[in-house]
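Everything on this sheet refers to the single structure shown next.
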Number of protein chains: 2
Amino acid sequence: MNNLLKLENQVCFPLYALSREVTQLYRPFLDDLGLTYPQYLVMLILWEENQQTVNQLGEKLYLDSGTLTPLLKRMEQKRIITRTRSTADERVVIISVTDIGEKMKEKATCIPAKLVEALGLSIDDLNQLKQIVTKALKR
Amino acid sequence: MNNLLKLENQVCFPLYALSREVTQLYRPFLDDLGLTYPQYLVMLILWEENQQTVNQLGEKLYLDSGTLTPLLKRMEQKRIITRTRSTADERVVIISVTDIGEKMKEKATCIPAKLVEALGLSIDDLNQLKQIVTKALKR
DNA sequence: CACAATTATATTGTGCACAATCTATATTTG
DNA sequence: CAAATATAGATTGTGCACAATATAATTGTG
């Protein structure tokens, strides 16, 4: 048997499984806000700096318009963001947080800490995880 | 500004991004086999030990029948697996690799090495990544 | 300036992921 | 043994991801 083909010897499978597991850990907290995990990521970006184009969001999240357009439309329907064409360049759509979306931020402040707790890793392990994963991502 | 809510300070976002990135790295190799990444994972399990129930696959992959049933049906259509009800327990569906599916294994042997290369991480980093991710997954 | 090339977003189609529910079979228990 | 319970898998519906393509606006070039 080719040992490299055993599931337990895969590096990528635990990564795939953990990524989904973590999304599950977020779910109860995000349910309270009525957000999905990718929608939460969009809100993080906009809370940090409002008014971003679809392209800018896509570059930060590594997502294309095929994913973002419908996702942003759903967020617009929830009245937490607006989508407006730029007058300077009609191709561009600018995404802005509404007052409702801005108010969610306060309720979201506790989420990172709750997630760290739910993950059950020490701060050291957490930093190591972030460092090595970020390193792998940077190539 | 609450720094904990900045995208760059998230631990989980790089994990989510890397998981998708890795799936993209697999794509060209898996395209040659006509498999998606989750389908490839199913094949890894079956190549290791043929004849597994949907439940057993689900426990190993952390997936439920809502995901697996349609996925396995697509694999059945490609003639790489069969789905047969157990006669001992009519609730159970047994998944088996066909000859066609078995032959794919040879073409797949090179994939793990190619992926390690594509990831561009040293063996040490790779082991560290696996160890810490597996540790986080085990809780 | 016309036209070719580029850019930004949208659309279409496929395949997961997962919650919620359903169905059929098996097991437990009174 | 019959009714209650549990289990295995299937179904339905929603929301990503992402490839491929389309559309419309902008920019570059002869």
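Quick note on naming: the chains in the structure tokens go A, B, ... in the order shown, residues restart at 1 in each chain, and ligands are numbered from 1 in order of appearance.
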
For chain B, report every residue with an atom at most 9 Å from chain D (counting only C-alpha atoms (C1' of nucleotides)), formatted as a count of residues only.
10

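The shell of residues at most 12 Å from Lys60 of chain A, with only C-alpha atoms (C1' of nucleotides) counted and near chain neighbours (fewer than 2 positions) removed, consists of Pro38, Leu41, Val42, Leu44, Ile45, Leu46, Gln52, Thr53, Val54, Asn55, Gln56, Leu57, Gly58, Tyr62, Leu63, Asp64 and Leu68 of chain A; Lys6, Leu7, Glu8, Phe13, Pro14 and Ala17 of chain B.
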
Counting only C-alpha atoms, a student should be able to say which residues of chain A come within 6 Å of chain B; what is the right answer, written as a list in words?
Leu7, Val11, Pro14, Leu15, Tyr16, Leu18, Ser19, Leu44, Lys130, Thr134 and Leu137 of chain A

Keeping only N, CA, C and O atoms, write the selected residues as a PDB file, in the first residue's frame.
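The result, written out as selection_30.pdb:
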```pdb
ATOM      1  N   LEU A   7      -5.367   8.382   4.175  1.00  0.00           N
ATOM      2  CA  LEU A   7      -6.006   9.615   4.636  1.00  0.00           C
ATOM      3  C   LEU A   7      -5.268  10.214   5.822  1.00  0.00           C
ATOM      4  O   LEU A   7      -5.071  11.418   5.913  1.00  0.00           O
ATOM      5  N   VAL A  11      -1.747  16.008   4.684  1.00  0.00           N
ATOM      6  CA  VAL A  11      -1.637  17.276   5.399  1.00  0.00           C
ATOM      7  C   VAL A  11      -2.886  18.111   5.133  1.00  0.00           C
ATOM      8  O   VAL A  11      -3.371  18.833   5.999  1.00  0.00           O
ATOM      9  N   PRO A  14      -6.669  17.450   7.179  1.00  0.00           N
ATOM     10  CA  PRO A  14      -6.942  18.108   8.463  1.00  0.00           C
ATOM     11  C   PRO A  14      -7.223  19.601   8.297  1.00  0.00           C
ATOM     12  O   PRO A  14      -8.044  20.171   9.010  1.00  0.00           O
ATOM     13  N   LEU A  15      -6.560  20.196   7.348  1.00  0.00           N
ATOM     14  CA  LEU A  15      -6.747  21.620   7.081  1.00  0.00           C
ATOM     15  C   LEU A  15      -8.176  21.875   6.607  1.00  0.00           C
ATOM     16  O   LEU A  15      -8.866  22.790   7.084  1.00  0.00           O
ATOM     17  N   TYR A  16      -8.607  21.058   5.673  1.00  0.00           N
ATOM     18  CA  TYR A  16      -9.971  21.142   5.129  1.00  0.00           C
ATOM     19  C   TYR A  16     -10.985  20.873   6.231  1.00  0.00           C
ATOM     20  O   TYR A  16     -11.970  21.593   6.388  1.00  0.00           O
ATOM     21  N   LEU A  18     -10.527  21.119   9.543  1.00  0.00           N
ATOM     22  CA  LEU A  18     -10.486  22.144  10.586  1.00  0.00           C
ATOM     23  C   LEU A  18     -11.164  23.431  10.128  1.00  0.00           C
ATOM     24  O   LEU A  18     -11.885  24.071  10.894  1.00  0.00           O
ATOM     25  N   SER A  19     -10.956  23.785   8.897  1.00  0.00           N
ATOM     26  CA  SER A  19     -11.574  24.990   8.373  1.00  0.00           C
ATOM     27  C   SER A  19     -13.101  24.916   8.494  1.00  0.00           C
ATOM     28  O   SER A  19     -13.750  25.868   8.919  1.00  0.00           O
ATOM     29  N   LEU A  44     -16.212  42.493   8.698  1.00  0.00           N
ATOM     30  CA  LEU A  44     -14.943  42.839   9.344  1.00  0.00           C
ATOM     31  C   LEU A  44     -14.177  43.863   8.513  1.00  0.00           C
ATOM     32  O   LEU A  44     -13.649  44.845   9.039  1.00  0.00           O
ATOM     33  N   LYS A 130      -1.577  30.389  13.571  1.00  0.00           N
ATOM     34  CA  LYS A 130      -1.740  31.531  12.676  1.00  0.00           C
ATOM     35  C   LYS A 130      -0.489  31.777  11.861  1.00  0.00           C
ATOM     36  O   LYS A 130      -0.543  32.022  10.662  1.00  0.00           O
ATOM     37  N   THR A 134      -0.451  31.325   7.880  1.00  0.00           N
ATOM     38  CA  THR A 134      -0.227  32.547   7.116  1.00  0.00           C
ATOM     39  C   THR A 134       0.993  32.396   6.216  1.00  0.00           C
ATOM     40  O   THR A 134       0.988  32.841   5.069  1.00  0.00           O
ATOM     41  N   LEU A 137       0.072  30.465   3.256  1.00  0.00           N
ATOM     42  CA  LEU A 137      -0.841  31.221   2.401  1.00  0.00           C
ATOM     43  C   LEU A 137      -0.104  32.227   1.541  1.00  0.00           C
ATOM     44  O   LEU A 137      -0.537  32.575   0.442  1.00  0.00           O
TER      45      LEU A 137
END
```

Can you tell me how far atom CA of Thr82 of chain B sits from atom CA of Thr67 of chain B, in Å to one decimal?
17.0 Å

Run DSSP on the backbone and tell me which residues of chain A come out as alpha helix (DSSP H); list them as a PyMOL selection string.
chain A and resi 12-33+37-48+54-61+65-77+99-108+111-119+123-137

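Every chain C residue lying within 8 Å of chain A, based on only C-alpha atoms (C1' of nucleotides), is listed here: DA8, DT9 and DA10 of chain C.
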
Output for the residues just chosen: N, CA and C atoms (P, O5', C5', C4', C3', O3' and C1' of nucleotides) as a PDB file, in the first residue's frame:
```pdb
ATOM      1  P    DA C   8     -10.465  46.499 -12.423  1.00  0.00           P
ATOM      2  O5'  DA C   8     -12.037  46.530 -12.602  1.00  0.00           O
ATOM      3  C5'  DA C   8     -12.749  47.771 -12.547  1.00  0.00           C
ATOM      4  C4'  DA C   8     -14.222  47.457 -12.312  1.00  0.00           C
ATOM      5  C3'  DA C   8     -14.477  46.518 -11.133  1.00  0.00           C
ATOM      6  O3'  DA C   8     -15.537  47.053 -10.347  1.00  0.00           O
ATOM      7  C1'  DA C   8     -15.375  45.587 -13.141  1.00  0.00           C
ATOM      8  P    DT C   9     -15.979  46.297  -9.015  1.00  0.00           P
ATOM      9  O5'  DT C   9     -17.209  45.441  -9.562  1.00  0.00           O
ATOM     10  C5'  DT C   9     -18.316  46.136 -10.148  1.00  0.00           C
ATOM     11  C4'  DT C   9     -19.186  45.176 -10.911  1.00  0.00           C
ATOM     12  C3'  DT C   9     -19.890  44.105 -10.090  1.00  0.00           C
ATOM     13  O3'  DT C   9     -21.257  44.448 -10.056  1.00  0.00           O
ATOM     14  C1'  DT C   9     -19.158  43.297 -12.197  1.00  0.00           C
ATOM     15  P    DA C  10     -22.349  43.469  -9.430  1.00  0.00           P
ATOM     16  O5'  DA C  10     -22.792  42.580 -10.684  1.00  0.00           O
ATOM     17  C5'  DA C  10     -23.319  43.214 -11.839  1.00  0.00           C
ATOM     18  C4'  DA C  10     -23.845  42.160 -12.809  1.00  0.00           C
ATOM     19  C3'  DA C  10     -24.729  41.086 -12.178  1.00  0.00           C
ATOM     20  O3'  DA C  10     -25.844  40.909 -13.039  1.00  0.00           O
ATOM     21  C1'  DA C  10     -22.929  40.061 -13.330  1.00  0.00           C
TER      22       DA C  10
END
```

Tell me, which residues of segment 16-104 of chain B carry DSSP strand (DSSP E), written as a count of residues only?
12

What does the structure give for the distance between atom CA of Gln51 of chain B and atom CA of Ser86 of chain B, in Å to one decimal?
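Answer for the atom CA of Gln51 of chain B to atom CA of Ser86 of chain B separation: 10.7 Å.
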
Provide the atom CA of Lys107 of chain A to atom CA of Pro28 of chain A distance in Å, to one decimal place.
13.1 Å

Pick from B:Thr87, B:Lys78, B:Asp124, B:Gln39, whichever lies nearest to DT25 of chain C using only C-alpha atoms (C1' of nucleotides)
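Once distances to DT25 of chain C are computed over only C-alpha atoms (C1' of nucleotides), the minimum belongs to B:Thr87.
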